[in-house]
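Peer 1: This one is start13.txt, compact mmCIF, C-alpha atoms.
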# COMPACT_ATOMS: atom_id res chain seq x y z
CA MET A 1 0.00 0.00 0.00
CA SER A 2 2.80 2.28 0.87
CA ALA A 3 4.14 1.75 -2.64
CA ALA A 4 1.14 3.48 -4.21
CA PRO A 5 1.75 7.10 -5.09
CA ARG A 6 0.09 9.63 -2.85
CA GLY A 7 -2.04 11.10 -5.66
CA LEU A 8 -3.37 7.73 -6.68
CA ARG A 9 -4.26 6.87 -3.09
CA ALA A 10 -6.13 10.15 -2.73
CA LEU A 11 -8.03 9.45 -5.93
CA ALA A 12 -8.98 5.94 -4.81
CA LEU A 13 -10.14 7.28 -1.45
CA ALA A 14 -12.17 10.01 -3.12
CA ALA A 15 -13.83 7.45 -5.40
CA LEU A 16 -14.56 5.17 -2.44
CA PHE A 17 -16.04 8.01 -0.38
CA SER A 18 -18.16 9.27 -3.24
CA LEU A 19 -19.60 5.80 -3.80
CA THR A 20 -20.21 5.03 -0.14
CA GLY A 21 -21.53 8.53 0.38
CA CYS A 22 -24.03 8.03 -2.38
CA ALA A 23 -24.92 4.62 -0.98
CA SER A 24 -25.49 6.04 2.49
CA LEU A 25 -27.98 8.46 0.98
CA GLY A 26 -29.79 5.52 -0.59
CA TRP A 27 -28.49 6.40 -4.00
CA SER A 28 -26.30 4.01 -5.92
CA TRP A 29 -24.89 4.00 -9.41
CA ASP A 30 -27.14 1.08 -10.36
CA LYS A 31 -30.15 2.98 -9.22
CA TRP A 32 -28.99 6.11 -11.00
CA TRP A 33 -28.51 4.19 -14.22
CA SER A 34 -31.92 2.55 -13.97
CA ASP A 35 -33.48 5.98 -13.53
CA VAL A 36 -31.84 7.40 -16.61
CA LYS A 37 -34.36 7.89 -19.36
CA LEU A 38 -32.86 6.89 -22.65
CA PRO A 39 -34.05 8.85 -25.67
CA ASP A 40 -37.12 7.45 -27.32
CA PHE A 41 -35.22 6.19 -30.29
CA PRO A 42 -36.14 2.74 -31.61
CA ALA A 43 -32.68 1.83 -32.80
CA PHE A 44 -30.86 3.17 -29.74
CA ASP A 45 -30.16 -0.24 -28.17
CA GLU A 46 -28.85 -1.53 -31.43
CA TYR A 47 -26.37 1.31 -31.72
CA THR A 48 -25.13 1.37 -28.13
CA GLU A 49 -23.50 -1.98 -28.89
CA SER A 50 -22.56 -1.33 -32.50
CA PRO A 51 -19.13 -0.28 -33.68
CA LYS A 52 -20.60 2.28 -36.08
CA SER A 53 -19.34 5.81 -35.91
CA TYR A 54 -21.58 8.72 -35.10
CA VAL A 55 -21.26 9.91 -38.68
CA GLU A 56 -22.48 6.57 -40.01
CA ILE A 57 -25.41 6.53 -37.60
CA ALA A 58 -26.26 10.12 -38.46
CA LEU A 59 -26.20 9.48 -42.17
CA GLU A 60 -28.33 6.35 -41.82
CA HIS A 61 -31.03 8.14 -39.90
CA ASP A 62 -31.18 11.40 -41.82
CA PHE A 63 -30.04 13.38 -38.80
CA LEU A 64 -28.21 15.75 -41.07
CA VAL A 65 -31.18 17.24 -42.84
CA ARG A 66 -31.61 20.91 -43.54
CA VAL A 67 -34.76 22.27 -42.01
CA LYS A 68 -36.56 23.89 -44.91
CA PRO A 69 -37.95 27.39 -44.52
CA TRP A 70 -41.51 26.08 -44.50
CA GLU A 71 -40.72 23.46 -41.86
CA ARG A 72 -39.76 25.90 -39.13
CA ALA A 73 -42.99 25.79 -37.17
CA VAL A 74 -41.31 24.31 -34.10
CA LEU A 75 -38.23 26.51 -34.40
CA ALA A 76 -40.47 29.57 -34.62
CA ARG A 77 -41.98 28.80 -31.24
CA HIS A 78 -41.43 31.36 -28.54
CA ASP A 79 -39.73 28.89 -26.22
CA MET A 80 -37.21 27.97 -28.92
CA ALA A 81 -35.69 31.44 -28.94
CA PHE A 82 -32.21 32.00 -27.50
CA ASP A 83 -33.73 34.66 -25.27
CA PRO A 84 -37.41 33.87 -24.90
CA ASP A 85 -37.85 36.83 -22.56
CA GLU A 86 -36.38 39.94 -24.16
CA LEU A 87 -36.94 42.12 -21.12
CA GLU A 88 -35.23 39.64 -18.82
CA ALA A 89 -32.32 39.33 -21.28
CA ALA A 90 -31.93 43.12 -21.37
CA ARG A 91 -32.01 43.28 -17.57
CA ARG A 92 -29.36 40.58 -17.25
CA SER A 93 -27.20 42.29 -19.85
CA HIS A 94 -27.53 45.59 -18.04
CA THR A 95 -26.60 44.02 -14.70
CA PHE A 96 -23.66 42.28 -16.35
CA PHE A 97 -22.11 45.33 -17.88
CA SER A 98 -22.78 47.38 -14.77
CA LYS A 99 -20.89 44.82 -12.72
CA GLU A 100 -18.11 44.44 -15.24
CA ALA A 101 -17.88 48.18 -15.90
CA THR A 102 -17.67 47.60 -19.64
CA MET A 103 -19.77 48.80 -22.52
CA PRO A 104 -21.51 47.15 -24.17
CA GLY A 105 -21.86 44.20 -21.85
CA GLY A 106 -21.24 40.84 -23.40
CA SER A 107 -21.42 41.77 -27.05
CA ALA A 108 -17.95 43.19 -27.65
CA GLY A 109 -14.49 42.63 -26.31
CA GLY A 110 -13.06 45.18 -23.97
CA GLY A 111 -10.45 45.71 -21.35
CA GLY A 112 -12.87 46.77 -18.66
CA CYS A 113 -11.76 50.40 -18.63
CA GLY A 114 -15.30 51.56 -19.30
CA CYS A 115 -14.13 53.60 -22.26
CA ASN A 116 -14.95 51.21 -25.11
CA MET B 1 13.62 9.29 -47.59
CA ARG B 2 10.60 10.87 -45.93
CA ASN B 3 7.26 9.51 -46.92
CA THR B 4 5.61 12.64 -48.27
CA ALA B 5 2.35 10.86 -49.08
CA ALA B 6 1.63 9.97 -45.43
CA PRO B 7 0.09 13.31 -44.34
CA VAL B 8 -2.02 13.39 -47.49
CA ARG B 9 -3.24 9.88 -46.87
CA ALA B 10 -4.04 10.74 -43.27
CA GLY B 11 -6.09 13.73 -44.33
CA LEU B 12 -8.04 11.89 -46.97
CA PRO B 13 -10.74 10.31 -44.76
CA ALA B 14 -11.36 13.70 -43.14
CA LEU B 15 -11.65 15.26 -46.58
CA VAL B 16 -14.10 12.59 -47.70
CA ILE B 17 -16.23 13.12 -44.58
CA LEU B 18 -16.20 16.90 -45.02
CA ALA B 19 -17.10 16.59 -48.69
CA THR B 20 -19.98 14.26 -47.80
CA LEU B 21 -21.26 16.67 -45.17
CA ALA B 22 -20.96 19.61 -47.55
CA PHE B 23 -22.93 17.69 -50.14
CA TRP B 24 -25.57 16.73 -47.58
CA LEU B 25 -25.98 20.23 -46.27
CA ALA B 26 -25.67 22.09 -49.57
CA PRO B 27 -28.77 24.15 -50.29
CA GLY B 28 -30.86 23.15 -53.26
CA ARG B 29 -30.03 25.77 -55.84
CA ALA B 30 -31.17 24.50 -59.17
CA LEU B 31 -34.83 24.00 -58.28
CA ALA B 32 -35.91 27.51 -57.28
CA VAL B 33 -38.48 29.14 -59.53
CA ASP B 34 -37.21 32.52 -60.64
CA ALA B 35 -38.52 35.53 -62.55
CA GLY B 36 -39.03 34.75 -66.23
CA GLN B 37 -39.87 31.08 -65.66
CA PRO B 38 -43.37 29.65 -66.00
CA ALA B 39 -45.04 29.22 -62.61
CA PRO B 40 -45.40 25.49 -61.86
CA SER B 41 -49.09 24.72 -62.04
CA PHE B 42 -50.80 22.94 -59.17
CA SER B 43 -54.12 21.88 -57.77
CA ALA B 44 -54.62 21.63 -54.04
CA HIS B 45 -57.35 21.42 -51.43
CA ALA B 46 -58.73 24.69 -50.20
CA LEU B 47 -58.01 25.34 -46.56
CA ASP B 48 -61.60 26.15 -45.68
CA GLY B 49 -63.41 23.34 -47.45
CA ASP B 50 -63.39 20.35 -49.73
CA SER B 51 -63.03 22.28 -52.96
CA THR B 52 -59.89 22.12 -55.06
CA LEU B 53 -58.17 25.23 -56.28
CA SER B 54 -55.74 25.27 -59.15
CA LEU B 55 -53.38 27.92 -60.38
CA GLY B 56 -54.37 27.22 -63.98
CA ALA B 57 -57.87 28.55 -63.28
CA TYR B 58 -56.37 32.00 -62.78
CA LYS B 59 -54.79 32.19 -66.21
CA GLY B 60 -55.56 35.49 -67.92
CA LYS B 61 -55.30 37.36 -64.62
CA VAL B 62 -52.33 38.70 -62.76
CA VAL B 63 -51.85 36.43 -59.72
CA PHE B 64 -50.12 37.15 -56.47
CA LEU B 65 -49.16 33.73 -55.09
CA ASP B 66 -48.32 33.98 -51.41
CA PHE B 67 -46.85 31.23 -49.25
CA TRP B 68 -47.71 31.69 -45.59
CA ALA B 69 -47.88 29.91 -42.24
CA SER B 70 -49.57 30.76 -38.95
CA TRP B 71 -46.23 30.61 -37.10
CA CYS B 72 -44.51 33.08 -39.42
CA GLY B 73 -44.32 36.61 -38.05
CA PRO B 74 -43.95 38.60 -41.29
CA CYS B 75 -46.91 36.66 -42.75
CA GLN B 76 -49.09 38.21 -40.07
CA THR B 77 -47.93 41.64 -41.19
CA ALA B 78 -48.38 40.77 -44.83
CA MET B 79 -51.88 39.32 -44.90
CA PRO B 80 -53.98 42.41 -44.15
CA LEU B 81 -51.79 44.43 -46.52
CA ILE B 82 -52.15 41.87 -49.30
CA GLU B 83 -55.88 41.98 -48.68
CA SER B 84 -55.88 45.76 -49.11
CA LEU B 85 -53.82 45.39 -52.29
CA ARG B 86 -56.34 42.89 -53.63
CA ASN B 87 -59.16 45.34 -53.06
CA GLU B 88 -57.36 48.05 -55.01
CA PHE B 89 -57.54 46.18 -58.33
CA PRO B 90 -60.53 44.75 -60.21
CA ALA B 91 -61.10 41.05 -59.55
CA ASP B 92 -61.12 40.18 -63.24
CA GLN B 93 -57.59 41.57 -63.56
CA PHE B 94 -55.85 40.65 -60.33
CA GLN B 95 -56.24 37.76 -57.89
CA VAL B 96 -54.46 36.61 -54.79
CA LEU B 97 -53.97 32.92 -54.11
CA ALA B 98 -52.33 31.85 -50.88
CA VAL B 99 -50.64 28.57 -50.02
CA ASN B 100 -50.66 27.67 -46.37
CA VAL B 101 -47.80 25.40 -45.30
CA ASP B 102 -48.84 24.72 -41.69
CA GLN B 103 -48.30 21.07 -40.86
CA ASP B 104 -51.46 21.31 -38.78
CA PRO B 105 -54.13 22.99 -40.96
CA GLN B 106 -56.25 23.58 -37.85
CA LYS B 107 -53.74 26.18 -36.71
CA ALA B 108 -54.08 27.98 -40.03
CA LYS B 109 -57.86 27.90 -39.74
CA ALA B 110 -57.70 29.30 -36.22
CA PHE B 111 -55.36 32.02 -37.48
CA LEU B 112 -57.73 32.93 -40.32
CA SER B 113 -60.70 33.07 -37.97
CA ARG B 114 -58.86 35.81 -36.08
CA ARG B 115 -57.55 37.64 -39.14
CA LYS B 116 -60.06 37.30 -41.89
CA VAL B 117 -58.93 37.74 -45.47
CA GLY B 118 -61.04 37.57 -48.60
CA TYR B 119 -58.63 35.64 -50.78
CA PRO B 120 -58.52 31.84 -50.81
CA SER B 121 -55.80 29.67 -49.32
CA VAL B 122 -54.89 26.15 -50.29
CA SER B 123 -53.52 23.84 -47.67
CA ASP B 124 -50.23 22.06 -48.21
CA PRO B 125 -49.22 20.43 -44.92
CA GLU B 126 -46.66 18.18 -46.64
CA GLY B 127 -44.85 21.15 -48.10
CA ARG B 128 -44.89 19.90 -51.70
CA LEU B 129 -45.62 23.27 -53.29
CA PRO B 130 -42.92 25.26 -51.49
CA ALA B 131 -40.49 22.50 -52.44
CA THR B 132 -41.61 22.75 -56.08
CA TYR B 133 -41.18 26.51 -56.05
CA GLY B 134 -37.90 26.24 -54.15
CA LEU B 135 -38.75 28.67 -51.39
CA LYS B 136 -35.73 30.17 -49.68
CA THR B 137 -37.53 32.00 -46.94
CA MET B 138 -40.94 32.43 -45.33
CA PRO B 139 -43.00 34.18 -46.48
CA THR B 140 -42.27 34.29 -50.20
CA SER B 141 -44.65 35.56 -52.82
CA TYR B 142 -44.63 35.28 -56.57
CA LEU B 143 -46.11 37.77 -58.96
CA ILE B 144 -47.39 35.82 -61.94
CA ASP B 145 -48.46 37.54 -65.13
CA ARG B 146 -51.52 36.79 -67.27
CA ASN B 147 -49.66 34.11 -69.19
CA GLY B 148 -48.60 32.19 -66.12
CA VAL B 149 -45.01 33.41 -66.11
CA VAL B 150 -43.38 34.45 -62.85
CA ARG B 151 -42.49 38.14 -63.15
CA ALA B 152 -41.18 38.83 -59.67
CA VAL B 153 -40.18 36.81 -56.62
CA HIS B 154 -40.68 38.61 -53.36
CA PRO B 155 -38.91 36.99 -50.40
CA GLY B 156 -39.92 38.13 -46.92
CA PHE B 157 -42.34 40.94 -46.25
CA ARG B 158 -42.27 44.42 -44.76
CA ALA B 159 -45.03 46.97 -44.76
CA SER B 160 -42.76 49.26 -46.77
CA ASP B 161 -42.70 46.72 -49.63
CA LEU B 162 -46.31 47.49 -50.47
CA ASP B 163 -45.66 50.46 -52.77
CA GLY B 164 -43.19 48.52 -54.88
CA LEU B 165 -45.60 45.60 -55.17
CA ARG B 166 -48.44 47.92 -56.15
CA ALA B 167 -46.33 49.42 -58.93
CA GLN B 168 -45.34 45.96 -60.21
CA ILE B 169 -48.95 44.77 -60.23
CA ARG B 170 -50.07 47.93 -61.99
CA ALA B 171 -47.43 47.44 -64.67
CA LEU B 172 -48.45 43.80 -65.18
CA ILE B 173 -52.15 44.62 -65.39
CA GLY B 174 -51.31 47.16 -68.05
CA THR B 175 -49.65 44.45 -70.12
CA PRO B 176 -52.23 42.78 -72.37
CA PRO B 177 -52.28 38.99 -72.42
CA VAL B 178 -50.47 37.24 -75.24
CA PRO B 179 -53.07 35.95 -77.74
CA ALA B 180 -53.49 32.17 -77.67
CA ALA B 181 -52.24 31.75 -81.25
CA ALA B 182 -49.06 33.70 -80.56
CA GLU B 183 -48.52 31.75 -77.39
CA ALA B 184 -48.83 28.43 -79.21
CA LYS B 185 -46.14 29.57 -81.61
CA ARG B 186 -43.69 30.36 -78.79
Could you express the structure from this file as structure tokens?
Peer 2:
Amino acid sequence: MSAAPRGLRALALAALFSLTGCASLGWSWDKWWSDVKLPDFPAFDEYTESPKSYVEIALEHDFLVRVKPWERAVLARHDMAFDPDELEAARRSHTFFSKEATMPGGSAGGGGCGCN
Amino acid sequence: MRNTAAPVRAGLPALVILATLAFWLAPGRALAVDAGQPAPSFSAHALDGDSTLSLGAYKGKVVFLDFWASWCGPCQTAMPLIESLRNEFPADQFQVLAVNVDQDPQKAKAFLSRRKVGYPSVSDPEGRLPATYGLKTMPTSYLIDRNGVVRAVHPGFRASDLDGLRAQIRALIGTPPVPAAAEAKR
């Protein structure tokens, strides 16, 4: 045991504590894994075991399709926007650049002198 | 001697993958209907009933063919303005035909019940017509002359576009239709 490097021993201890800690809270890796919801994708099980590359899988399933302009109904939804709430986004931006003392906050590089 | 071909060979699979992706994602260019080309004719179900509307029935009139969807913001701006444009010209000279591309036609019907327009819409939930016309953006409208030839493609819509459209329609209405005999010769 004494032959093991100190870093490795610390890592092993950390792993042990994290596992036992989880177990003491009634939460184990097995349970975690069983709770994970896999995507509703019929061929998912097939591909988790297959040696195919992501590119091959993507090409087989038409993942790389261009959304046509007339197919953007879902993308046009309010909750699909980068900033669904414009007012909230403006408030955050204002708070950010006030704190950082830069102008404009977040949209341009600056040294923080307040002069740019 | 150094093997100079090795880096090239190593880069080849990456190049093949990139080329494949570029091909896959390349926009369809050749299919778009442009000014000067005959408007592809179609027949489709009317949005508000069982009747069938066809573009061919409008031959002899200037037609404003408008592609719209209930989820498309500029379409909401455009529709009342297109309606006002339609009312400015006599019905035997100028007609508006709209193509709705909502995948759920009920949404389009609900939209039209809130914003009533006098011109008819056909429903194309599968998106066959916009694919035929090669739409690049929503909304897009096509100004078709009396002989069924596309004279102008109008992508997008702003309220300020109305004057330009009015002038184009006026110019097309002023153009007499080509007589059938002359057209057969073409």
Peer 1: Set the cut-off to 7 Å and count all atoms listed in the file: what are the residues of chain A that reach chain B? Output as a PyMOL selection string.
Peer 2: chain A and resi 65-66+69-70+73+76
Peer 1: Tell me, in Å to one decimal, how far atom CA of Arg72 of chain A is from atom CA of Ala152 of chain B.
Peer 2: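 Atom CA of Arg72 of chain A sits 24.3 Å away from atom CA of Ala152 of chain B.
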Peer 1: Quick check, in Å to one decimal: how far apart do atom CA of Ser141 of chain B and atom CA of Ala98 of chain B lie?
Peer 2: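 Distance between the two atoms: 8.7 Å.
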Peer 1: Contacts of Val117 of chain B at 8 Å or less, counting only C-alpha atoms, minus same-chain residues fewer than 4 places along, as a list in words?
Peer 2: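 Final neighbour list, sorted by chain and number: Met79, Pro80, Glu83 and Leu112 of chain B.
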Peer 1: Within 9 Å of Val150 of chain B, counting all atoms listed in the file, which residues show up once you throw out same-chain ones fewer than 6 positions away? Write them as number ranges by chain, please.
Peer 2: B: 33-39, 142-144
Peer 1: Suppose you want the space between atom CA of Pro120 of chain B and atom CA of Pro74 of chain B; what is it in Å?
Peer 2: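 Rounded to one decimal, the two atoms are 18.7 Å apart.
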Peer 1: Closest to Tyr119 of chain B among B:Asn147, B:Asn87, B:Ser41, B:Ser160, using only C-alpha atoms?
Peer 2: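 Of all the options, B:Asn87 lies closest to Tyr119 of chain B.
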Peer 1: Which residues are near segment 165-172 of chain B? Cut-off 12 Å, all atoms listed in the file, ignore same chain within fewer than 4 positions. Put them as JSON, numbers by chain.
Peer 2: {"B": [60, 61, 62, 63, 64, 78, 81, 82, 84, 85, 86, 87, 88, 89, 90, 93, 94, 95, 96, 141, 142, 143, 144, 145, 146, 147, 148, 149, 150, 151, 152, 153, 154, 155, 157, 158, 159, 160, 161, 176, 177]}
Peer 1: Have segment 59-82 of chain A completed to N, CA, C and O atoms, please, and pass it along as a PDB file, in the frame of the given file.
Peer 2:
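Saved as selection-v3.pdb:
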ATOM      1  N   LEU A  59     -25.832   9.536 -40.758  1.00  0.00           N
ATOM      2  CA  LEU A  59     -26.200   9.480 -42.170  1.00  0.00           C
ATOM      3  C   LEU A  59     -27.322   8.474 -42.409  1.00  0.00           C
ATOM      4  O   LEU A  59     -28.199   8.700 -43.225  1.00  0.00           O
ATOM      5  N   GLU A  60     -27.297   7.357 -41.646  1.00  0.00           N
ATOM      6  CA  GLU A  60     -28.330   6.350 -41.820  1.00  0.00           C
ATOM      7  C   GLU A  60     -29.706   6.875 -41.439  1.00  0.00           C
ATOM      8  O   GLU A  60     -30.713   6.501 -42.013  1.00  0.00           O
ATOM      9  N   HIS A  61     -29.735   7.729 -40.430  1.00  0.00           N
ATOM     10  CA  HIS A  61     -31.030   8.140 -39.900  1.00  0.00           C
ATOM     11  C   HIS A  61     -31.455   9.538 -40.319  1.00  0.00           C
ATOM     12  O   HIS A  61     -32.342  10.116 -39.724  1.00  0.00           O
ATOM     13  N   ASP A  62     -30.804  10.076 -41.331  1.00  0.00           N
ATOM     14  CA  ASP A  62     -31.180  11.400 -41.820  1.00  0.00           C
ATOM     15  C   ASP A  62     -31.153  12.445 -40.712  1.00  0.00           C
ATOM     16  O   ASP A  62     -32.047  13.269 -40.592  1.00  0.00           O
ATOM     17  N   PHE A  63     -30.145  12.363 -39.839  1.00  0.00           N
ATOM     18  CA  PHE A  63     -30.040  13.380 -38.800  1.00  0.00           C
ATOM     19  C   PHE A  63     -29.547  14.691 -39.398  1.00  0.00           C
ATOM     20  O   PHE A  63     -29.795  15.748 -38.872  1.00  0.00           O
ATOM     21  N   LEU A  64     -28.815  14.563 -40.509  1.00  0.00           N
ATOM     22  CA  LEU A  64     -28.210  15.750 -41.070  1.00  0.00           C
ATOM     23  C   LEU A  64     -29.107  16.309 -42.177  1.00  0.00           C
ATOM     24  O   LEU A  64     -28.727  16.348 -43.321  1.00  0.00           O
ATOM     25  N   VAL A  65     -30.301  16.660 -41.826  1.00  0.00           N
ATOM     26  CA  VAL A  65     -31.180  17.240 -42.840  1.00  0.00           C
ATOM     27  C   VAL A  65     -31.264  18.737 -42.591  1.00  0.00           C
ATOM     28  O   VAL A  65     -31.185  19.198 -41.464  1.00  0.00           O
ATOM     29  N   ARG A  66     -31.398  19.468 -43.672  1.00  0.00           N
ATOM     30  CA  ARG A  66     -31.610  20.910 -43.540  1.00  0.00           C
ATOM     31  C   ARG A  66     -33.078  21.131 -43.281  1.00  0.00           C
ATOM     32  O   ARG A  66     -33.913  20.606 -44.001  1.00  0.00           O
ATOM     33  N   VAL A  67     -33.369  21.905 -42.266  1.00  0.00           N
ATOM     34  CA  VAL A  67     -34.760  22.270 -42.010  1.00  0.00           C
ATOM     35  C   VAL A  67     -35.140  23.294 -43.069  1.00  0.00           C
ATOM     36  O   VAL A  67     -34.495  24.327 -43.206  1.00  0.00           O
ATOM     37  N   LYS A  68     -36.160  22.989 -43.832  1.00  0.00           N
ATOM     38  CA  LYS A  68     -36.560  23.890 -44.910  1.00  0.00           C
ATOM     39  C   LYS A  68     -37.299  25.100 -44.333  1.00  0.00           C
ATOM     40  O   LYS A  68     -37.853  25.015 -43.238  1.00  0.00           O
ATOM     41  N   PRO A  69     -37.323  26.187 -45.073  1.00  0.00           N
ATOM     42  CA  PRO A  69     -37.950  27.390 -44.520  1.00  0.00           C
ATOM     43  C   PRO A  69     -39.402  27.175 -44.105  1.00  0.00           C
ATOM     44  O   PRO A  69     -39.869  27.800 -43.158  1.00  0.00           O
ATOM     45  N   TRP A  70     -40.095  26.287 -44.815  1.00  0.00           N
ATOM     46  CA  TRP A  70     -41.510  26.080 -44.500  1.00  0.00           C
ATOM     47  C   TRP A  70     -41.707  25.015 -43.430  1.00  0.00           C
ATOM     48  O   TRP A  70     -42.824  24.654 -43.113  1.00  0.00           O
ATOM     49  N   GLU A  71     -40.603  24.491 -42.900  1.00  0.00           N
ATOM     50  CA  GLU A  71     -40.720  23.460 -41.860  1.00  0.00           C
ATOM     51  C   GLU A  71     -40.312  24.003 -40.482  1.00  0.00           C
ATOM     52  O   GLU A  71     -39.982  23.234 -39.588  1.00  0.00           O
ATOM     53  N   ARG A  72     -40.319  25.314 -40.350  1.00  0.00           N
ATOM     54  CA  ARG A  72     -39.760  25.900 -39.130  1.00  0.00           C
ATOM     55  C   ARG A  72     -40.808  26.211 -38.087  1.00  0.00           C
ATOM     56  O   ARG A  72     -40.601  27.100 -37.238  1.00  0.00           O
ATOM     57  N   ALA A  73     -41.919  25.511 -38.119  1.00  0.00           N
ATOM     58  CA  ALA A  73     -42.990  25.790 -37.170  1.00  0.00           C
ATOM     59  C   ALA A  73     -42.513  25.628 -35.738  1.00  0.00           C
ATOM     60  O   ALA A  73     -42.772  26.472 -34.881  1.00  0.00           O
ATOM     61  N   VAL A  74     -41.771  24.557 -35.481  1.00  0.00           N
ATOM     62  CA  VAL A  74     -41.310  24.310 -34.100  1.00  0.00           C
ATOM     63  C   VAL A  74     -40.220  25.316 -33.734  1.00  0.00           C
ATOM     64  O   VAL A  74     -40.204  25.865 -32.637  1.00  0.00           O
ATOM     65  N   LEU A  75     -39.317  25.570 -34.683  1.00  0.00           N
ATOM     66  CA  LEU A  75     -38.230  26.510 -34.400  1.00  0.00           C
ATOM     67  C   LEU A  75     -38.760  27.931 -34.181  1.00  0.00           C
ATOM     68  O   LEU A  75     -38.106  28.732 -33.516  1.00  0.00           O
ATOM     69  N   ALA A  76     -39.921  28.226 -34.754  1.00  0.00           N
ATOM     70  CA  ALA A  76     -40.470  29.570 -34.620  1.00  0.00           C
ATOM     71  C   ALA A  76     -41.183  29.766 -33.289  1.00  0.00           C
ATOM     72  O   ALA A  76     -41.610  30.873 -32.983  1.00  0.00           O
ATOM     73  N   ARG A  77     -41.274  28.673 -32.521  1.00  0.00           N
ATOM     74  CA  ARG A  77     -41.980  28.800 -31.240  1.00  0.00           C
ATOM     75  C   ARG A  77     -41.229  29.725 -30.292  1.00  0.00           C
ATOM     76  O   ARG A  77     -40.009  29.802 -30.317  1.00  0.00           O
ATOM     77  N   HIS A  78     -41.996  30.383 -29.451  1.00  0.00           N
ATOM     78  CA  HIS A  78     -41.430  31.360 -28.540  1.00  0.00           C
ATOM     79  C   HIS A  78     -40.370  30.732 -27.632  1.00  0.00           C
ATOM     80  O   HIS A  78     -39.308  31.303 -27.399  1.00  0.00           O
ATOM     81  N   ASP A  79     -40.662  29.521 -27.154  1.00  0.00           N
ATOM     82  CA  ASP A  79     -39.730  28.890 -26.220  1.00  0.00           C
ATOM     83  C   ASP A  79     -38.503  28.302 -26.904  1.00  0.00           C
ATOM     84  O   ASP A  79     -37.644  27.732 -26.244  1.00  0.00           O
ATOM     85  N   MET A  80     -38.409  28.431 -28.217  1.00  0.00           N
ATOM     86  CA  MET A  80     -37.210  27.970 -28.920  1.00  0.00           C
ATOM     87  C   MET A  80     -36.221  29.107 -29.138  1.00  0.00           C
ATOM     88  O   MET A  80     -35.155  28.897 -29.702  1.00  0.00           O
ATOM     89  N   ALA A  81     -36.566  30.299 -28.727  1.00  0.00           N
ATOM     90  CA  ALA A  81     -35.690  31.440 -28.940  1.00  0.00           C
ATOM     91  C   ALA A  81     -34.489  31.367 -27.988  1.00  0.00           C
ATOM     92  O   ALA A  81     -34.580  30.769 -26.915  1.00  0.00           O
ATOM     93  N   PHE A  82     -33.377  31.957 -28.388  1.00  0.00           N
ATOM     94  CA  PHE A  82     -32.210  32.000 -27.500  1.00  0.00           C
ATOM     95  C   PHE A  82     -32.550  32.777 -26.236  1.00  0.00           C
ATOM     96  O   PHE A  82     -32.178  32.408 -25.130  1.00  0.00           O
TER      97      PHE A  82
END
